[in-house]
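Okay, query-v5.pdb now, which holds PDB, C-alpha atoms, pLDDT in the B column:
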ATOM      1  CA  MET A   1       9.451  -9.532  -6.065  1.00 90.00           C
ATOM      2  CA  ALA A   2       8.566  -7.010  -8.768  1.00 89.00           C
ATOM      3  CA  TRP A   3       7.930  -8.068 -12.366  1.00 92.00           C
ATOM      4  CA  PRO A   4      10.821  -9.740 -14.245  1.00 89.00           C
ATOM      5  CA  ALA A   5      11.147  -6.883 -16.762  1.00 91.00           C
ATOM      6  CA  ASN A   6      12.255  -4.696 -13.838  1.00 90.00           C
ATOM      7  CA  ALA A   7      15.231  -6.909 -12.995  1.00 91.00           C
ATOM      8  CA  ILE A   8      18.777  -5.619 -13.502  1.00 90.00           C
ATOM      9  CA  ASP A   9      20.573  -7.160 -16.504  1.00 88.00           C
ATOM     10  CA  LYS A  10      17.452  -9.196 -17.297  1.00 86.00           C
ATOM     11  CA  ALA A  11      18.222 -11.585 -14.434  1.00 93.00           C
ATOM     12  CA  VAL A  12      15.390 -13.974 -13.567  1.00 93.00           C
ATOM     13  CA  PRO A  13      14.127 -13.075 -10.072  1.00 93.00           C
ATOM     14  CA  PRO A  14      14.255 -15.930  -7.520  1.00 94.00           C
ATOM     15  CA  PHE A  15      10.470 -16.266  -7.231  1.00 95.00           C
ATOM     16  CA  ASN A  16      10.003 -16.441 -10.994  1.00 94.00           C
ATOM     17  CA  ASN A  17      12.764 -19.053 -11.068  1.00 94.00           C
ATOM     18  CA  LEU A  18      10.791 -21.122  -8.561  1.00 95.00           C
ATOM     19  CA  ILE A  19       7.691 -20.781 -10.740  1.00 96.00           C
ATOM     20  CA  ALA A  20       9.595 -21.879 -13.853  1.00 95.00           C
ATOM     21  CA  GLN A  21      10.813 -24.985 -12.011  1.00 96.00           C
ATOM     22  CA  GLY A  22       7.279 -25.865 -10.947  1.00 96.00           C
ATOM     23  CA  LEU A  23       8.162 -25.569  -7.264  1.00 96.00           C
ATOM     24  CA  VAL A  24       5.456 -23.016  -6.373  1.00 97.00           C
ATOM     25  CA  THR A  25       2.231 -21.728  -7.821  1.00 97.00           C
ATOM     26  CA  PRO A  26       2.623 -18.157  -9.205  1.00 98.00           C
ATOM     27  CA  VAL A  27       1.255 -16.357  -6.141  1.00 98.00           C
ATOM     28  CA  PHE A  28       2.845 -14.830  -3.046  1.00 98.00           C
ATOM     29  CA  SER A  29       1.243 -12.977  -0.153  1.00 98.00           C
ATOM     30  CA  PHE A  30       2.193 -10.630   2.664  1.00 97.00           C
ATOM     31  CA  TYR A  31       0.861 -10.296   6.176  1.00 97.00           C
ATOM     32  CA  LEU A  32       2.418  -7.433   8.146  1.00 94.00           C
ATOM     33  CA  ASN A  33       1.624  -7.142  11.852  1.00 89.00           C
ATOM     34  CA  ARG A  34       1.793  -3.437  12.740  1.00 76.00           C
ATOM     35  CA  ASP A  35       1.774  -4.247  16.471  1.00 75.00           C
ATOM     36  CA  ILE A  36       5.466  -4.246  17.409  1.00 72.00           C
ATOM     37  CA  ASN A  37       4.704  -6.648  20.251  1.00 76.00           C
ATOM     38  CA  GLY A  38       2.430  -8.876  18.174  1.00 75.00           C
ATOM     39  CA  GLN A  39       3.188 -12.473  17.264  1.00 81.00           C
ATOM     40  CA  PRO A  40       3.857 -13.378  14.550  1.00 83.00           C
ATOM     41  CA  GLY A  41       5.410 -10.157  13.354  1.00 84.00           C
ATOM     42  CA  GLY A  42       4.508 -10.946   9.776  1.00 93.00           C
ATOM     43  CA  GLU A  43       4.475 -13.588   7.080  1.00 95.00           C
ATOM     44  CA  LEU A  44       5.645 -13.877   3.483  1.00 96.00           C
ATOM     45  CA  LEU A  45       3.958 -16.904   1.929  1.00 97.00           C
ATOM     46  CA  LEU A  46       5.301 -18.216  -1.386  1.00 97.00           C
ATOM     47  CA  GLY A  47       2.805 -20.170  -3.477  1.00 97.00           C
ATOM     48  CA  GLY A  48      -0.516 -18.939  -2.099  1.00 97.00           C
ATOM     49  CA  SER A  49      -2.279 -16.928   0.595  1.00 97.00           C
ATOM     50  CA  ASP A  50      -3.066 -17.653   4.231  1.00 96.00           C
ATOM     51  CA  PRO A  51      -6.755 -17.266   5.213  1.00 96.00           C
ATOM     52  CA  ASP A  52      -5.746 -17.376   8.882  1.00 95.00           C
ATOM     53  CA  HIS A  53      -4.442 -13.840   8.446  1.00 96.00           C
ATOM     54  CA  TYR A  54      -7.427 -12.202   6.757  1.00 97.00           C
ATOM     55  CA  THR A  55     -11.195 -12.122   7.025  1.00 97.00           C
ATOM     56  CA  GLY A  56     -13.770 -12.103   4.243  1.00 96.00           C
ATOM     57  CA  ALA A  57     -13.031 -12.462   0.553  1.00 97.00           C
ATOM     58  CA  LEU A  58     -10.076 -10.943  -1.231  1.00 98.00           C
ATOM     59  CA  THR A  59     -10.947  -8.007  -3.487  1.00 98.00           C
ATOM     60  CA  TYR A  60      -9.007  -8.383  -6.717  1.00 98.00           C
ATOM     61  CA  VAL A  61      -7.845  -5.641  -9.049  1.00 98.00           C
ATOM     62  CA  PRO A  62      -6.002  -6.163 -12.361  1.00 98.00           C
ATOM     63  CA  VAL A  63      -2.330  -5.264 -12.551  1.00 97.00           C
ATOM     64  CA  VAL A  64      -1.647  -2.761 -15.340  1.00 96.00           C
ATOM     65  CA  PRO A  65       1.453  -0.850 -16.515  1.00 94.00           C
ATOM     66  CA  LEU A  66       1.957   2.668 -15.197  1.00 88.00           C
ATOM     67  CA  SER A  67       1.531   4.060 -18.705  1.00 85.00           C
ATOM     68  CA  PRO A  68      -0.045   2.779 -21.934  1.00 83.00           C
ATOM     69  CA  ASN A  69       2.133   0.465 -24.053  1.00 84.00           C
ATOM     70  CA  ALA A  70       4.748   0.267 -21.290  1.00 88.00           C
ATOM     71  CA  GLN A  71       6.196  -2.937 -19.874  1.00 91.00           C
ATOM     72  CA  GLN A  72       4.802  -4.277 -16.621  1.00 93.00           C
ATOM     73  CA  LEU A  73       7.493  -3.373 -14.073  1.00 93.00           C
ATOM     74  CA  TRP A  74       5.661  -2.858 -10.792  1.00 94.00           C
ATOM     75  CA  TRP A  75       2.611  -4.141  -8.960  1.00 96.00           C
ATOM     76  CA  SER A  76       0.628  -1.189 -10.272  1.00 96.00           C
ATOM     77  CA  PHE A  77      -3.136  -0.840 -10.603  1.00 97.00           C
ATOM     78  CA  ASN A  78      -5.978   1.653 -10.909  1.00 96.00           C
ATOM     79  CA  ILE A  79      -7.643   3.283  -7.902  1.00 96.00           C
ATOM     80  CA  GLY A  80     -11.171   4.615  -8.286  1.00 96.00           C
ATOM     81  CA  GLY A  81     -10.667   7.512  -5.882  1.00 96.00           C
ATOM     82  CA  GLY A  82     -10.069   8.484  -2.293  1.00 97.00           C
ATOM     83  CA  SER A  83     -11.689  10.538   0.437  1.00 97.00           C
ATOM     84  CA  VAL A  84     -11.170  11.983   3.895  1.00 98.00           C
ATOM     85  CA  ALA A  85     -14.220  11.667   6.166  1.00 98.00           C
ATOM     86  CA  ASN A  86     -15.866  14.520   8.127  1.00 96.00           C
ATOM     87  CA  GLY A  87     -15.852  16.927   5.201  1.00 97.00           C
ATOM     88  CA  GLY A  88     -12.214  16.403   4.286  1.00 97.00           C
ATOM     89  CA  PRO A  89     -10.731  16.631   0.804  1.00 97.00           C
ATOM     90  CA  GLN A  90     -11.359  14.200  -2.004  1.00 96.00           C
ATOM     91  CA  PHE A  91      -8.294  12.951  -3.826  1.00 95.00           C
ATOM     92  CA  CYS A  92      -7.541  10.822  -6.839  1.00 92.00           C
ATOM     93  CA  SER A  93     -10.806  12.149  -8.284  1.00 86.00           C
ATOM     94  CA  GLY A  94     -11.799  10.330 -11.449  1.00 86.00           C
ATOM     95  CA  GLY A  95      -9.234   7.615 -10.810  1.00 91.00           C
ATOM     96  CA  CYS A  96      -5.454   7.368 -10.706  1.00 94.00           C
ATOM     97  CA  MET A  97      -2.602   4.875 -10.584  1.00 95.00           C
ATOM     98  CA  ALA A  98      -1.080   3.211  -7.535  1.00 96.00           C
ATOM     99  CA  MET A  99       1.543   0.634  -6.662  1.00 96.00           C
ATOM    100  CA  ALA A 100       1.572  -1.825  -3.770  1.00 97.00           C
ATOM    101  CA  ASP A 101       5.065  -1.880  -2.250  1.00 95.00           C
ATOM    102  CA  THR A 102       6.166  -3.579   0.962  1.00 93.00           C
ATOM    103  CA  GLY A 103       9.477  -1.712   0.727  1.00 93.00           C
ATOM    104  CA  THR A 104       7.777   1.637   1.349  1.00 95.00           C
ATOM    105  CA  THR A 105       6.818   2.417   4.943  1.00 94.00           C
ATOM    106  CA  LEU A 106       4.220   5.144   4.402  1.00 96.00           C
ATOM    107  CA  ILE A 107       1.590   5.896   1.797  1.00 97.00           C
ATOM    108  CA  ILE A 108       3.314   8.186  -0.694  1.00 96.00           C
ATOM    109  CA  GLY A 109       1.262  10.331  -3.060  1.00 95.00           C
ATOM    110  CA  PRO A 110       1.209  13.442  -5.243  1.00 94.00           C
ATOM    111  CA  THR A 111       2.430  16.480  -3.325  1.00 93.00           C
ATOM    112  CA  THR A 112      -0.802  18.490  -3.668  1.00 93.00           C
ATOM    113  CA  ASP A 113      -3.037  15.636  -2.509  1.00 95.00           C
ATOM    114  CA  ILE A 114      -0.722  14.801   0.387  1.00 96.00           C
ATOM    115  CA  ARG A 115      -0.614  18.453   1.435  1.00 95.00           C
ATOM    116  CA  ASN A 116      -4.420  18.709   1.333  1.00 96.00           C
ATOM    117  CA  ILE A 117      -4.849  15.569   3.441  1.00 97.00           C
ATOM    118  CA  ASN A 118      -2.296  16.648   6.031  1.00 98.00           C
ATOM    119  CA  ASN A 119      -3.596  20.212   6.211  1.00 97.00           C
ATOM    120  CA  PHE A 120      -7.010  18.790   7.099  1.00 98.00           C
ATOM    121  CA  ILE A 121      -5.592  16.617   9.895  1.00 98.00           C
ATOM    122  CA  ASN A 122      -3.298  19.440  11.072  1.00 97.00           C
ATOM    123  CA  GLY A 123      -0.075  17.758  10.020  1.00 97.00           C
ATOM    124  CA  GLN A 124       3.061  19.890  10.244  1.00 97.00           C
ATOM    125  CA  ASP A 125       5.239  19.686   7.138  1.00 95.00           C
ATOM    126  CA  GLN A 126       8.863  18.890   8.017  1.00 94.00           C
ATOM    127  CA  GLY A 127       9.953  19.873   4.514  1.00 91.00           C
ATOM    128  CA  ASN A 128      11.364  16.422   3.779  1.00 92.00           C
ATOM    129  CA  GLY A 129       8.214  14.623   2.676  1.00 92.00           C
ATOM    130  CA  TYR A 130       7.032  13.830   6.205  1.00 95.00           C
ATOM    131  CA  TYR A 131       4.381  15.419   8.409  1.00 97.00           C
ATOM    132  CA  ASN A 132       4.314  15.485  12.213  1.00 97.00           C
ATOM    133  CA  LEU A 133       1.041  15.136  14.096  1.00 97.00           C
ATOM    134  CA  ASP A 134      -0.025  15.983  17.631  1.00 96.00           C
ATOM    135  CA  CYS A 135      -0.611  12.596  19.282  1.00 96.00           C
ATOM    136  CA  ASN A 136      -3.288  14.167  21.477  1.00 94.00           C
ATOM    137  CA  THR A 137      -5.528  14.703  18.427  1.00 94.00           C
ATOM    138  CA  MET A 138      -5.759  10.990  17.557  1.00 92.00           C
ATOM    139  CA  GLY A 139      -9.314  10.722  18.882  1.00 92.00           C
ATOM    140  CA  SER A 140     -10.603  13.417  16.535  1.00 96.00           C
ATOM    141  CA  LEU A 141      -8.858  12.427  13.316  1.00 98.00           C
ATOM    142  CA  PRO A 142     -11.014  11.226  10.390  1.00 98.00           C
ATOM    143  CA  VAL A 143     -11.098   7.926   8.543  1.00 98.00           C
ATOM    144  CA  ILE A 144      -9.281   8.108   5.188  1.00 98.00           C
ATOM    145  CA  SER A 145     -10.403   5.708   2.438  1.00 98.00           C
ATOM    146  CA  PHE A 146      -9.265   4.391  -0.929  1.00 98.00           C
ATOM    147  CA  LEU A 147     -11.681   3.004  -3.520  1.00 97.00           C
ATOM    148  CA  ILE A 148     -10.270  -0.118  -5.204  1.00 98.00           C
ATOM    149  CA  ASN A 149     -12.345  -1.970  -7.789  1.00 97.00           C
ATOM    150  CA  GLY A 150     -15.515  -0.502  -6.332  1.00 96.00           C
ATOM    151  CA  VAL A 151     -14.717  -1.461  -2.726  1.00 98.00           C
ATOM    152  CA  GLU A 152     -13.882   1.037   0.033  1.00 97.00           C
ATOM    153  CA  PHE A 153     -10.680   0.385   1.980  1.00 98.00           C
ATOM    154  CA  PRO A 154     -10.831   2.658   5.036  1.00 98.00           C
ATOM    155  CA  LEU A 155      -7.883   3.499   7.270  1.00 98.00           C
ATOM    156  CA  THR A 156      -8.516   4.611  10.850  1.00 98.00           C
ATOM    157  CA  PRO A 157      -6.204   7.038  12.686  1.00 97.00           C
ATOM    158  CA  ASN A 158      -4.698   4.126  14.621  1.00 95.00           C
ATOM    159  CA  GLN A 159      -3.751   2.596  11.282  1.00 96.00           C
ATOM    160  CA  TYR A 160      -2.394   5.627   9.430  1.00 97.00           C
ATOM    161  CA  VAL A 161      -0.637   7.423  12.284  1.00 96.00           C
ATOM    162  CA  VAL A 162       2.824   6.098  13.134  1.00 93.00           C
ATOM    163  CA  ASN A 163       3.384   6.549  16.877  1.00 90.00           C
ATOM    164  CA  ASN A 164       7.009   6.203  17.943  1.00 87.00           C
ATOM    165  CA  ASP A 165       7.100   6.464  21.737  1.00 85.00           C
ATOM    166  CA  GLY A 166       4.830   9.498  21.835  1.00 87.00           C
ATOM    167  CA  SER A 167       6.125  11.132  18.656  1.00 93.00           C
ATOM    168  CA  CYS A 168       3.484  10.893  15.934  1.00 97.00           C
ATOM    169  CA  LEU A 169       4.029  10.860  12.183  1.00 97.00           C
ATOM    170  CA  SER A 170       1.368  11.048   9.498  1.00 98.00           C
ATOM    171  CA  GLY A 171       1.182   7.926   7.361  1.00 97.00           C
ATOM    172  CA  PHE A 172       0.749  10.121   4.276  1.00 98.00           C
ATOM    173  CA  GLY A 173       3.936  11.565   2.794  1.00 96.00           C
ATOM    174  CA  TYR A 174       5.410  12.727  -0.503  1.00 93.00           C
ATOM    175  CA  ASP A 175       8.627  12.179  -2.439  1.00 89.00           C
ATOM    176  CA  THR A 176      10.687  15.372  -2.371  1.00 82.00           C
ATOM    177  CA  GLY A 177      12.602  14.318  -5.477  1.00 73.00           C
ATOM    178  CA  SER A 178       9.603  13.615  -7.677  1.00 69.00           C
ATOM    179  CA  SER A 179       6.451  15.261  -8.997  1.00 65.00           C
ATOM    180  CA  ALA A 180       4.953  11.872  -9.820  1.00 72.00           C
ATOM    181  CA  THR A 181       1.214  11.414  -9.857  1.00 84.00           C
ATOM    182  CA  ILE A 182       1.468   7.767  -8.765  1.00 92.00           C
ATOM    183  CA  TRP A 183       0.380   6.633  -5.307  1.00 96.00           C
ATOM    184  CA  THR A 184       2.526   4.087  -3.481  1.00 96.00           C
ATOM    185  CA  LEU A 185       0.579   2.058  -0.935  1.00 97.00           C
ATOM    186  CA  GLY A 186       3.278   1.003   1.498  1.00 96.00           C
ATOM    187  CA  ASP A 187       3.173  -0.696   4.877  1.00 96.00           C
ATOM    188  CA  VAL A 188       0.649   1.790   6.320  1.00 97.00           C
ATOM    189  CA  PHE A 189      -1.853   0.239   3.888  1.00 98.00           C
ATOM    190  CA  ILE A 190      -0.495  -3.320   3.645  1.00 97.00           C
ATOM    191  CA  GLY A 191      -0.505  -3.681   7.435  1.00 96.00           C
ATOM    192  CA  PRO A 192      -4.310  -3.341   7.762  1.00 97.00           C
ATOM    193  CA  TYR A 193      -4.930  -5.154   4.462  1.00 98.00           C
ATOM    194  CA  TYR A 194      -3.561  -8.596   3.709  1.00 98.00           C
ATOM    195  CA  SER A 195      -2.093  -8.480   0.202  1.00 98.00           C
ATOM    196  CA  GLU A 196      -1.930 -11.247  -2.393  1.00 98.00           C
ATOM    197  CA  PHE A 197       0.356 -10.786  -5.411  1.00 98.00           C
ATOM    198  CA  ASP A 198      -0.868 -13.064  -8.192  1.00 98.00           C
ATOM    199  CA  PHE A 199       1.561 -13.408 -11.107  1.00 96.00           C
ATOM    200  CA  GLY A 200      -0.514 -16.131 -12.764  1.00 95.00           C
ATOM    201  CA  ASN A 201      -3.596 -13.939 -13.179  1.00 97.00           C
ATOM    202  CA  SER A 202      -1.863 -10.533 -13.262  1.00 97.00           C
ATOM    203  CA  ARG A 203      -3.820  -9.209 -10.310  1.00 98.00           C
ATOM    204  CA  LEU A 204      -3.592  -8.042  -6.717  1.00 98.00           C
ATOM    205  CA  GLY A 205      -5.932  -9.109  -3.935  1.00 98.00           C
ATOM    206  CA  PHE A 206      -6.642  -7.223  -0.698  1.00 98.00           C
ATOM    207  CA  ALA A 207      -8.619  -8.230   2.393  1.00 98.00           C
ATOM    208  CA  GLN A 208      -8.950  -7.064   5.996  1.00 97.00           C
ATOM    209  CA  ALA A 209      -5.985  -8.464   7.924  1.00 97.00           C
ATOM    210  CA  VAL A 210      -6.511 -10.204  11.252  1.00 93.00           C
TER
END

Could you render the structure as structure tokens?
Amino acid sequence: MAWPANAIDKAVPPFNNLIAQGLVTPVFSFYLNRDINGQPGGELLLGGSDPDHYTGALTYVPVVPLSPNAQQLWWSFNIGGGSVANGGPQFCSGGCMAMADTGTTLIIGPTTDIRNINNFINGQDQGNGYYNLDCNTMGSLPVISFLINGVEFPLTPNQYVVNNDGSCLSGFGYDTGSSATIWTLGDVFIGPYYSEFDFGNSRLGFAQAV
């Protein structure tokens, strides 16, 4: 579902094939239910978006290549900044690049920013890109926000902490094999925020999921 230039051997991706045949409009959307007992568990909609799964208007942001003069490969865009409430660290100051990716579970970011965020919320570095958290501290953890096209997208502790039967994992991790400065907004972000991928207008839309 990435951009066609990213396809192996220049193969036309299935969705772009559907567009070329006039079978769908050039938009697809994801709803991910983070409640493991919730119904439905999620929805991939080809050809539009489903207002039953979000509230308010979608906030759109243009899709741009990760570097100037590069081909468009990913669903990448500019973020205006980010912050941790209650006196926590600022990150992505002055703006940075991000990608929306349903194939990534956590929010992955630059090592220094991820370390600063997790140090503030008392995350324990496992040394493999993941941080453990004490589940008993959930009530005191701060809201962490991203600024996208001038709109704040806050994440509460219940949204960014992954609780697996009493074992808690921070939703903010880093890639041990990369020093990249790009943020990847995975399912920890896409779960709370319904996401529309608009090929026709080269943009992404986000709204509060319901």

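Near Gln124 (chain A), within 12 Å and counting all atoms listed in the file, sit Ile114, Arg115, Asn116, Ile117, Asn118, Asn119, Phe120, Ile121, Gly127, Asn128, Gly129, Tyr130, Tyr131, Asn132, Leu133, Asp134, Cys168, Leu169, Ser170, Phe172 and Gly173 of chain A, not including residues fewer than 3 positions from it in the same chain.
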
message: Applying 12 Å and only C-alpha atoms, which residues near Asp52 (chain A) remain after dropping the ones on its own chain fewer than 4 positions away? List them as a count of residues only.
response: 10

query: With distances taken over all atoms listed in the file, which of A:Trp75, A:Tyr193, A:Phe91, A:Tyr54 is nearest to Gln159 (chain A)?
result: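 That would be A:Tyr193, the residue with the smallest distance to Gln159 (chain A).
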
task: Taking (0.6, 6.8, 13.1) in the file's own coordinates, collect the residues within 12 Å, counting only C-alpha atoms, and hand them back as a PyMOL selection string.
output: chain A and resi 34-35+105-107+123+130-138+141+155-173+187-189+191

- prompt: Nearest to Ala85 (chain A): which of A:Gln71, A:Ser145, A:Asn201, A:Thr184 is it, counting all atoms listed in the file?
  reply: A:Ser145

Could you give me the axis-aligned bounding box of region 182-198 of chain A, with 5 Å of padding per side, as centre plus edge lengths in Å to one decimal, as lines of an AutoDock Vina configuration file?
center_x = -0.8
center_y = -2.6
center_z = -0.5
size_x = 18.2
size_y = 30.8
size_z = 26.5

Selection result of the PyMOL selection byres ((chain A and resi 60) around 7) on this file, as a PyMOL selection string: chain A and resi 58-59+61-62+203-206

Quick one: region 149-170 of chain A from the block, C-alpha atoms, as a PDB file, in the first residue's frame.
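So the final result, stored in decode.pdb, reads:
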ATOM      1  CA  ASN A 149      -0.509  20.777  10.163  1.00  0.00           C
ATOM      2  CA  GLY A 150      -1.115  23.051  13.127  1.00  0.00           C
ATOM      3  CA  VAL A 151      -3.364  20.598  14.993  1.00  0.00           C
ATOM      4  CA  GLU A 152      -2.407  18.838  18.239  1.00  0.00           C
ATOM      5  CA  PHE A 153      -2.785  15.053  18.274  1.00  0.00           C
ATOM      6  CA  PRO A 154      -2.489  14.006  21.928  1.00  0.00           C
ATOM      7  CA  LEU A 155      -1.891  10.459  23.133  1.00  0.00           C
ATOM      8  CA  THR A 156      -2.948   9.483  26.651  1.00  0.00           C
ATOM      9  CA  PRO A 157      -1.097   6.836  28.693  1.00  0.00           C
ATOM     10  CA  ASN A 158      -3.867   4.334  27.944  1.00  0.00           C
ATOM     11  CA  GLN A 159      -3.155   4.881  24.260  1.00  0.00           C
ATOM     12  CA  TYR A 160       0.647   4.828  24.217  1.00  0.00           C
ATOM     13  CA  VAL A 161       1.307   2.141  26.826  1.00  0.00           C
ATOM     14  CA  VAL A 162       1.008  -1.435  25.569  1.00  0.00           C
ATOM     15  CA  ASN A 163      -0.254  -3.602  28.437  1.00  0.00           C
ATOM     16  CA  ASN A 164       0.186  -7.327  27.861  1.00  0.00           C
ATOM     17  CA  ASP A 165      -1.414  -9.123  30.808  1.00  0.00           C
ATOM     18  CA  GLY A 166       0.208  -6.867  33.387  1.00  0.00           C
ATOM     19  CA  SER A 167       3.508  -6.393  31.560  1.00  0.00           C
ATOM     20  CA  CYS A 168       3.735  -2.835  30.245  1.00  0.00           C
ATOM     21  CA  LEU A 169       5.714  -1.597  27.258  1.00  0.00           C
ATOM     22  CA  SER A 170       6.261   2.003  26.227  1.00  0.00           C
TER      23      SER A 170
END
